[in-house]
$ cat coords04.cif   # mmCIF, C-alpha atoms and all ligand atoms
data_data
loop_
_atom_site.label_atom_id
_atom_site.label_comp_id
_atom_site.auth_asym_id
_atom_site.auth_seq_id
_atom_site.Cartn_x
_atom_site.Cartn_y
_atom_site.Cartn_z
CA THR A 1375 109.11 85.86 68.44
CA ARG A 1376 108.77 89.59 68.16
CA ARG A 1377 108.41 92.04 70.99
CA ILE A 1378 104.99 93.11 72.19
CA THR A 1379 104.16 96.63 71.03
CA VAL A 1380 101.90 99.39 72.25
CA ARG A 1381 99.51 98.44 69.42
CA ASP A 1382 99.10 94.96 70.94
CA ILE A 1383 98.28 96.64 74.26
CA THR A 1384 95.66 98.87 72.69
CA ALA A 1385 94.13 95.88 70.90
CA ALA A 1386 93.84 94.01 74.22
CA LYS A 1387 91.42 96.64 75.55
CA ASP A 1388 89.27 96.34 72.43
CA ARG A 1389 89.09 92.58 73.08
CA GLY A 1390 88.33 93.13 76.77
CA GLU A 1391 91.48 91.27 77.89
CA LYS A 1392 93.18 92.04 81.20
CA TRP A 1393 96.96 92.01 81.44
CA PRO A 1394 99.68 92.07 84.12
CA MET A 1395 102.62 94.44 84.41
CA LEU A 1396 105.57 94.06 86.80
CA THR A 1397 108.46 96.38 87.52
CA ALA A 1398 112.00 95.19 86.80
CA TYR A 1399 115.33 96.87 87.47
CA ASP A 1400 117.92 94.34 86.27
CA ALA A 1401 118.50 91.92 83.41
CA MET A 1402 118.26 88.65 85.34
CA THR A 1403 114.99 89.35 87.13
CA ALA A 1404 113.56 90.71 83.89
CA SER A 1405 114.51 87.51 82.05
CA VAL A 1406 112.59 85.44 84.64
CA PHE A 1407 109.46 87.55 84.14
CA ASP A 1408 109.92 87.51 80.34
CA GLU A 1409 110.07 83.70 80.35
CA ALA A 1410 107.00 83.66 82.63
CA GLY A 1411 105.09 85.55 79.96
CA ILE A 1412 104.69 88.94 81.62
CA PRO A 1413 103.85 91.09 78.57
CA VAL A 1414 104.80 94.53 79.88
CA MET A 1415 107.62 95.46 82.25
CA LEU A 1416 108.08 98.85 83.80
CA VAL A 1417 111.56 100.03 84.72
CA GLY A 1418 109.97 102.13 87.43
CA ASP A 1419 111.68 104.89 89.32
CA SER A 1420 110.51 102.80 92.29
CA ALA A 1421 114.05 101.51 91.68
CA GLY A 1422 114.93 104.44 93.94
CA ASN A 1423 113.36 102.77 96.99
CA CYS A 1424 113.46 99.15 95.83
CA HIS A 1425 116.83 98.78 94.13
CA LEU A 1426 119.11 101.76 94.80
CA GLY A 1427 118.49 102.39 98.52
CA TYR A 1428 117.02 105.90 98.34
CA GLU A 1429 114.18 106.98 100.64
CA SER A 1430 111.87 107.91 97.75
CA THR A 1431 111.81 108.12 93.96
CA VAL A 1432 112.76 111.81 94.03
CA PRO A 1433 116.59 111.43 93.94
CA VAL A 1434 116.65 108.98 91.00
CA THR A 1435 118.57 110.38 88.02
CA LEU A 1436 118.10 109.96 84.27
CA ASP A 1437 121.55 108.34 84.09
CA GLU A 1438 120.41 105.71 86.60
CA MET A 1439 117.13 105.10 84.76
CA THR A 1440 119.01 104.76 81.47
CA MET A 1441 121.40 102.18 82.91
CA LEU A 1442 118.64 100.13 84.59
CA SER A 1443 116.38 100.31 81.53
CA ALA A 1444 119.18 99.13 79.24
CA ALA A 1445 119.76 96.13 81.51
CA VAL A 1446 116.07 95.19 81.46
CA VAL A 1447 115.93 95.50 77.67
CA ARG A 1448 119.00 93.25 77.39
CA GLY A 1449 117.44 90.66 79.67
CA THR A 1450 114.21 90.35 77.69
CA SER A 1451 113.14 89.47 74.17
CA ARG A 1452 109.36 89.48 74.28
CA ALA A 1453 108.01 92.04 76.77
CA LEU A 1454 107.27 95.65 75.99
CA ILE A 1455 109.69 97.63 78.18
CA VAL A 1456 108.47 100.96 79.56
CA GLY A 1457 111.08 103.29 81.08
CA ASP A 1458 110.09 105.77 83.79
CA LEU A 1459 111.17 109.38 83.34
CA PRO A 1460 112.53 110.36 86.77
CA PHE A 1461 111.72 113.52 88.71
CA GLY A 1462 113.44 116.54 87.17
CA SER A 1463 113.80 115.04 83.70
CA TYR A 1464 110.60 116.44 82.10
CA GLN A 1465 109.11 119.16 84.34
CA GLU A 1466 110.83 122.05 82.51
CA GLY A 1467 108.64 121.48 79.48
CA PRO A 1468 107.99 119.41 76.37
CA VAL A 1469 111.47 119.86 74.86
CA HIS A 1470 113.05 118.81 78.16
CA ALA A 1471 110.82 115.73 78.20
CA LEU A 1472 111.72 114.89 74.60
CA ARG A 1473 115.44 115.17 75.29
CA SER A 1474 115.15 112.83 78.30
CA ALA A 1475 112.81 110.34 76.65
CA THR A 1476 115.09 110.20 73.61
CA ARG A 1477 117.92 108.97 75.85
CA LEU A 1478 115.77 106.13 77.20
CA VAL A 1479 114.73 105.16 73.67
CA LYS A 1480 118.14 105.48 71.98
CA GLU A 1481 120.56 104.49 74.73
CA ALA A 1482 118.44 101.96 76.62
CA GLY A 1483 116.14 100.74 73.84
CA VAL A 1484 112.82 101.05 75.67
CA GLY A 1485 109.62 100.78 73.62
CA ALA A 1486 107.77 103.44 75.60
CA VAL A 1487 108.26 105.88 78.47
CA LYS A 1488 106.14 106.79 81.48
CA LEU A 1489 105.77 110.13 83.19
CA GLU A 1490 103.64 111.45 86.06
CA GLY A 1491 100.87 114.01 85.89
CA GLY A 1492 97.55 114.50 84.09
CA GLU A 1493 96.59 117.97 82.90
CA ARG A 1494 99.91 119.33 84.15
CA SER A 1495 101.89 117.02 81.84
CA HIS A 1496 99.71 116.99 78.74
CA ARG A 1497 102.05 119.20 76.64
CA GLN A 1498 104.96 116.87 77.38
CA ILE A 1499 102.90 113.83 76.38
CA GLU A 1500 101.79 115.54 73.15
CA LEU A 1501 105.32 116.29 71.94
CA LEU A 1502 106.65 112.84 72.81
CA VAL A 1503 103.79 111.12 70.98
CA GLU A 1504 104.18 113.49 68.00
CA SER A 1505 107.86 112.54 67.96
CA GLY A 1506 107.10 108.83 67.81
CA ILE A 1507 107.64 107.90 71.45
CA PRO A 1508 104.71 106.02 73.02
CA VAL A 1509 103.79 107.38 76.45
CA MET A 1510 102.19 105.69 79.46
CA ALA A 1511 100.76 108.36 81.75
CA HIS A 1512 100.47 108.08 85.56
CA ILE A 1513 97.81 109.86 87.64
CA GLY A 1514 96.27 109.59 91.10
CA LEU A 1515 99.07 109.22 93.61
CA THR A 1516 102.23 110.41 91.86
CA PRO A 1517 105.17 109.51 94.12
CA GLN A 1518 107.52 112.10 92.59
CA SER A 1519 105.28 114.72 94.25
CA VAL A 1520 105.59 113.11 97.71
CA ASN A 1521 106.85 116.38 99.22
CA ALA A 1522 103.64 118.10 98.12
CA MET A 1523 101.00 115.35 98.42
CA GLY A 1524 102.43 112.67 100.72
CA TYR A 1525 101.45 109.03 100.13
CA ARG A 1526 97.66 109.39 100.43
CA VAL A 1527 94.66 108.01 98.59
CA GLN A 1528 93.77 110.36 95.72
CA GLY A 1529 90.43 111.19 94.15
CA ARG A 1530 88.34 110.97 97.35
CA GLY A 1531 85.43 113.40 97.34
CA GLU A 1532 83.50 114.89 94.43
CA GLU A 1533 85.98 117.64 93.54
CA ALA A 1534 89.02 115.34 93.60
CA ALA A 1535 87.13 112.71 91.59
CA GLN A 1536 86.28 115.29 88.91
CA GLN A 1537 89.96 116.36 88.78
CA LEU A 1538 91.05 112.72 88.32
CA LEU A 1539 88.58 112.31 85.46
CA ARG A 1540 89.88 115.52 83.84
CA ASP A 1541 93.45 114.23 84.25
CA ALA A 1542 92.53 110.90 82.66
CA LYS A 1543 90.89 112.57 79.67
CA ALA A 1544 93.78 115.02 79.31
CA VAL A 1545 96.38 112.26 78.97
CA GLN A 1546 94.19 110.31 76.56
CA ASP A 1547 93.61 113.43 74.43
CA ALA A 1548 97.36 114.13 74.49
CA GLY A 1549 97.94 110.70 72.94
CA ALA A 1550 99.02 108.46 75.84
CA PHE A 1551 98.55 104.75 74.99
CA ALA A 1552 97.77 103.76 78.60
CA VAL A 1553 97.46 105.36 82.02
CA VAL A 1554 98.48 104.17 85.48
CA LEU A 1555 95.95 104.87 88.25
CA GLU A 1556 97.71 104.72 91.61
CA LEU A 1557 95.88 104.55 94.95
CA VAL A 1558 92.44 105.77 93.93
CA PRO A 1559 89.05 104.43 95.08
CA ALA A 1560 87.98 101.31 93.17
CA GLU A 1561 84.67 102.87 92.07
CA LEU A 1562 86.45 105.89 90.58
CA ALA A 1563 89.06 103.72 88.82
CA ALA A 1564 86.19 101.67 87.37
CA GLU A 1565 84.53 104.84 86.07
CA VAL A 1566 87.80 106.08 84.50
CA THR A 1567 88.24 102.65 82.88
CA ARG A 1568 84.74 102.81 81.37
CA VAL A 1569 85.12 106.38 80.13
CA LEU A 1570 88.55 105.98 78.49
CA HIS A 1571 89.29 104.05 75.31
CA ILE A 1572 92.96 103.59 76.35
CA PRO A 1573 93.78 100.90 78.94
CA THR A 1574 94.03 101.76 82.62
CA VAL A 1575 96.74 100.10 84.72
CA GLY A 1576 95.79 99.94 88.37
CA ILE A 1577 97.89 99.79 91.53
CA GLY A 1578 95.75 100.09 94.63
CA ALA A 1579 92.87 100.99 92.28
CA GLY A 1580 90.55 97.99 92.63
CA ALA A 1581 89.66 95.15 90.30
CA GLU A 1582 88.05 96.96 87.38
CA THR A 1583 91.10 98.45 85.66
CA ASP A 1584 92.24 96.90 82.37
CA ALA A 1585 95.63 95.93 83.77
CA GLN A 1586 97.31 95.55 87.16
CA VAL A 1587 100.85 96.51 88.10
CA LEU A 1588 102.87 95.58 91.19
CA VAL A 1589 106.40 96.46 92.22
CA TRP A 1590 108.27 93.18 91.83
CA THR A 1591 110.16 93.34 95.14
CA ASP A 1592 106.82 93.83 96.94
CA MET A 1593 105.06 91.10 94.96
CA LEU A 1594 107.80 88.58 95.73
CA GLY A 1595 108.26 89.55 99.38
CA LEU A 1596 111.79 90.88 99.01
CA THR A 1597 111.18 94.48 100.08
CA GLY A 1598 110.68 93.81 103.80
CA GLY A 1599 108.81 95.99 106.28
CA LYS A 1600 105.11 96.71 106.29
CA MET A 1601 103.45 96.44 102.87
CA PRO A 1602 100.60 98.66 101.70
CA ARG A 1603 97.18 97.00 101.70
CA PHE A 1604 97.06 96.75 97.88
CA VAL A 1605 100.12 94.47 97.67
CA LYS A 1606 99.64 90.73 97.35
CA GLN A 1607 102.79 88.77 98.22
CA TYR A 1608 103.19 85.72 95.98
CA ALA A 1609 106.42 84.53 97.62
CA ASN A 1610 108.74 85.40 100.46
CA LEU A 1611 112.08 85.89 98.76
CA ARG A 1612 113.42 87.79 101.75
CA SER A 1613 113.31 84.69 103.95
CA VAL A 1614 114.40 82.36 101.10
CA MET A 1615 117.48 84.49 100.46
CA GLY A 1616 118.19 85.14 104.13
CA ASP A 1617 117.99 81.43 104.98
CA ALA A 1618 120.28 80.56 102.06
CA ALA A 1619 122.84 83.17 103.13
CA LYS A 1620 122.78 81.84 106.72
CA ALA A 1621 123.19 78.25 105.52
CA PHE A 1622 126.17 79.25 103.37
CA ALA A 1623 127.74 81.13 106.30
CA GLU A 1624 127.29 78.12 108.62
CA ASP A 1625 128.82 75.78 106.03
CA VAL A 1626 131.86 78.00 105.63
CA VAL A 1627 132.39 78.60 109.35
CA GLY A 1628 131.78 74.91 110.12
CA GLY A 1629 134.03 73.69 107.31
CA THR A 1630 131.28 71.75 105.50
CA PHE A 1631 131.54 73.73 102.28
CA PRO A 1632 133.16 73.11 99.88
CA GLN A 1633 132.96 69.33 99.65
CA GLU A 1634 135.00 67.06 97.41
CA GLU A 1635 132.40 67.46 94.58
CA HIS A 1636 132.98 71.23 94.56
CA SER A 1637 136.76 70.89 94.27
CA VAL A 1638 139.13 70.51 91.32
CA HIS A 1639 142.48 68.69 91.37
O1 LIG A 1701 107.89 103.33 89.63
C1 LIG A 1701 106.96 102.49 89.67
O2 LIG A 1701 107.14 101.32 90.07
C2 LIG A 1701 105.65 102.90 89.22
C3 LIG A 1701 104.52 101.92 89.33
C4 LIG A 1701 104.12 101.72 90.74
C5 LIG A 1701 103.38 102.29 88.47
O3 LIG A 1701 105.51 104.01 88.78
NA NA A 1702 107.29 105.41 88.99
#

$ encode --input "coords04.cif" --output "structure tokens"
Amino acid sequence: TRRITVRDITAAKDRGEKWPMLTAYDAMTASVFDEAGIPVMLVGDSAGNCHLGYESTVPVTLDEMTMLSAAVVRGTSRALIVGDLPFGSYQEGPVHALRSATRLVKEAGVGAVKLEGGERSHRQIELLVESGIPVMAHIGLTPQSVNAMGYRVQGRGEEAAQQLLRDAKAVQDAGAFAVVLELVPAELAAEVTRVLHIPTVGIGAGAETDAQVLVWTDMLGLTGGKMPRFVKQYANLRSVMGDAAKAFAEDVVGGTFPQEEHSVH
């Protein structure tokens, strides 16, 4: 079986098919999702909060994203792997973006990269696409700009809605093969999805986008703490893992592990 490509993703929109995307930050988790048939995995810089223990995505480095992306590529054989360009790895301009994206493609083996920003990032997207690197754009709430925008719903009100539409068209015109819409009103995400010919990937953007993405540690209940309204928890790994760790600790302290069957002579 060959890997899914960006062309398969584009074709899915033409056929009106919806598809799921999950984040992944390590080989083993990625292999589970690959075997489950998840067609696209994002090595998101949400790894900052969800894997590396930072307070936001802002401190994540290109070295870290390269290492995590390489692990996810190694753990999968079917999914299209998209690597996030972290804050500070593309803002200086198109050549800066190309240098950073090239590392994710050559050293980690990703099939596409993602970067944040609509109109403000269109020159970066253009050069990457010209150079043969497929780009997933990301507009609406862009967490790398948390210090400027906070974590608030984007695109509310006529002026903000018009800006979001301009951003969506800008990334499509620049050659992006898909665009993430994060935390925007469902009606606006639906309009963007109708207007664009490239697929929209929603997170907190209602039911009408072409695809849906969730952060895997949120989706599986590992993250802990209060979840945003748009997250659906499909499992509670935090309690599964915590209970298992407690049971192991009790066995060791109480002398009931290991048993004879766990021992060699
Ligand atoms: O880093 C990430 O996980 C993301 C998704 C939420 C789209 O950018
Ligand atoms: Na991200």

$ atom_distance --input "coords04.cif" --atom1 "CA of Ile1572 in chain A" --atom2 "CA of Asp1400 in chain A"
28.4 Å

$ residues_near_ligand --input "coords04.cif" --ligand "ligand LIG 1701 (chain A)" --cutoff "8 Å" --atoms "all atoms listed in the file" --output "ChimeraX atom specification"
/A:1397,1416-1421,1431,1458,1488,1512,1516-1517,1554-1556,1575-1577,1587-1589

$ closest_residue --input "coords04.cif" --among "A:Asp1625, A:Asp1408, A:Asp1541, A:Glu1565" --to "Ser1495 in chain A" --atoms "all atoms listed in the file"
A:Asp1541

$ atom_distance --input "coords04.cif" --atom1 "CA of Met1415 in chain A" --atom2 "CA of Arg1530 in chain A"
29.0 Å

$ atom_distance --input "coords04.cif" --atom1 "CA of Met1593 in chain A" --atom2 "CA of Ala1609 in chain A"
7.2 Å

$ closest_residue --input "coords04.cif" --among "A:Glu1466, A:Val1503, A:Ser1443, A:Arg1448" --to "Leu1478 in chain A" --atoms "all atoms listed in the file"
A:Ser1443

$ closest_residue --input "coords04.cif" --among "A:Arg1494, A:Arg1477, A:Arg1389, A:His1470" --to "His1571 in chain A" --atoms "all atoms listed in the file"
A:Arg1389

$ closest_residue --input "coords04.cif" --among "A:Gln1518, A:Met1402, A:Val1414, A:Gln1537" --to "Val1434 in chain A" --atoms "all atoms listed in the file"
A:Gln1518

$ residues_around --input "coords04.cif" --residues "Ala1564 in chain A" --least-positions-apart "3" --cutoff "10 Å" --atoms "only C-alpha atoms" --output "ChimeraX atom specification"
/A:1558-1561,1567-1569,1574,1576,1579-1584

$ axis_aligned_box --input "coords04.cif" --around "range 1422-1430 of chain A" --padding-each-side "8 Å" --output "JSON"
{"center_x": 115.5, "center_y": 103.3, "center_z": 97.3, "size_x": 23.2, "size_y": 25.1, "size_z": 22.7}

$ residues_around --input "coords04.cif" --residues "Ala1585 in chain A" --least-positions-apart "4" --cutoff "6 Å" --atoms "all atoms listed in the file" --output "list of chain:residue names"
A:Lys1392, A:Trp1393, A:Pro1394, A:Val1575

$ decode --input "coords04.cif" --residues "range 1377-1399 of chain A" --atoms "N, CA and C atoms" --output "compact mmCIF listing (two decimals), in the first residue's frame"
# COMPACT_ATOMS: atom_id res chain seq x y z
N ARG A 1377 1.47 5.48 0.29
CA ARG A 1377 1.00 6.54 1.15
C ARG A 1377 -0.03 7.42 0.46
N ILE A 1378 -0.96 7.93 1.25
CA ILE A 1378 -1.92 8.91 0.75
C ILE A 1378 -1.17 10.19 0.41
N THR A 1379 -1.58 10.82 -0.69
CA THR A 1379 -0.91 12.04 -1.14
C THR A 1379 -1.87 13.22 -1.10
N VAL A 1380 -1.32 14.41 -1.29
CA VAL A 1380 -2.18 15.59 -1.31
C VAL A 1380 -3.17 15.52 -2.48
N ARG A 1381 -2.81 14.81 -3.56
CA ARG A 1381 -3.74 14.68 -4.68
C ARG A 1381 -4.97 13.86 -4.28
N ASP A 1382 -4.77 12.83 -3.45
CA ASP A 1382 -5.92 12.06 -2.95
C ASP A 1382 -6.84 12.96 -2.14
N ILE A 1383 -6.24 13.86 -1.36
CA ILE A 1383 -7.01 14.76 -0.50
C ILE A 1383 -7.83 15.74 -1.34
N THR A 1384 -7.21 16.26 -2.37
CA THR A 1384 -7.93 17.17 -3.27
C THR A 1384 -9.08 16.44 -3.95
N ALA A 1385 -8.83 15.20 -4.37
CA ALA A 1385 -9.86 14.43 -5.06
C ALA A 1385 -11.05 14.16 -4.14
N ALA A 1386 -10.80 14.00 -2.84
CA ALA A 1386 -11.88 13.73 -1.89
C ALA A 1386 -12.88 14.87 -1.88
N LYS A 1387 -12.40 16.11 -1.98
CA LYS A 1387 -13.36 17.24 -2.00
C LYS A 1387 -14.22 17.19 -3.25
N ASP A 1388 -13.59 16.84 -4.39
CA ASP A 1388 -14.37 16.76 -5.63
C ASP A 1388 -15.46 15.70 -5.53
N ARG A 1389 -15.19 14.64 -4.74
CA ARG A 1389 -16.20 13.58 -4.57
C ARG A 1389 -17.15 13.87 -3.42
N GLY A 1390 -16.92 15.00 -2.71
CA GLY A 1390 -17.79 15.35 -1.59
C GLY A 1390 -17.59 14.48 -0.36
N GLU A 1391 -16.39 13.85 -0.23
CA GLU A 1391 -16.12 12.98 0.92
C GLU A 1391 -15.50 13.76 2.07
N LYS A 1392 -15.98 13.49 3.29
CA LYS A 1392 -15.38 14.09 4.49
C LYS A 1392 -14.26 13.19 5.00
N TRP A 1393 -13.27 13.77 5.66
CA TRP A 1393 -12.18 12.95 6.19
C TRP A 1393 -11.69 13.47 7.53
N PRO A 1394 -11.13 12.55 8.35
CA PRO A 1394 -10.63 12.91 9.67
C PRO A 1394 -9.12 13.13 9.68
N MET A 1395 -8.68 14.03 10.52
CA MET A 1395 -7.25 14.24 10.75
C MET A 1395 -7.03 14.24 12.25
N LEU A 1396 -5.96 13.61 12.71
CA LEU A 1396 -5.58 13.65 14.12
C LEU A 1396 -4.15 14.14 14.22
N THR A 1397 -3.81 14.76 15.33
CA THR A 1397 -2.40 15.06 15.57
C THR A 1397 -1.71 13.79 16.03
N ALA A 1398 -0.39 13.76 15.90
CA ALA A 1398 0.44 12.69 16.47
C ALA A 1398 1.81 13.29 16.72
N TYR A 1399 2.46 12.81 17.76
CA TYR A 1399 3.77 13.37 18.13
C TYR A 1399 4.83 12.30 18.33
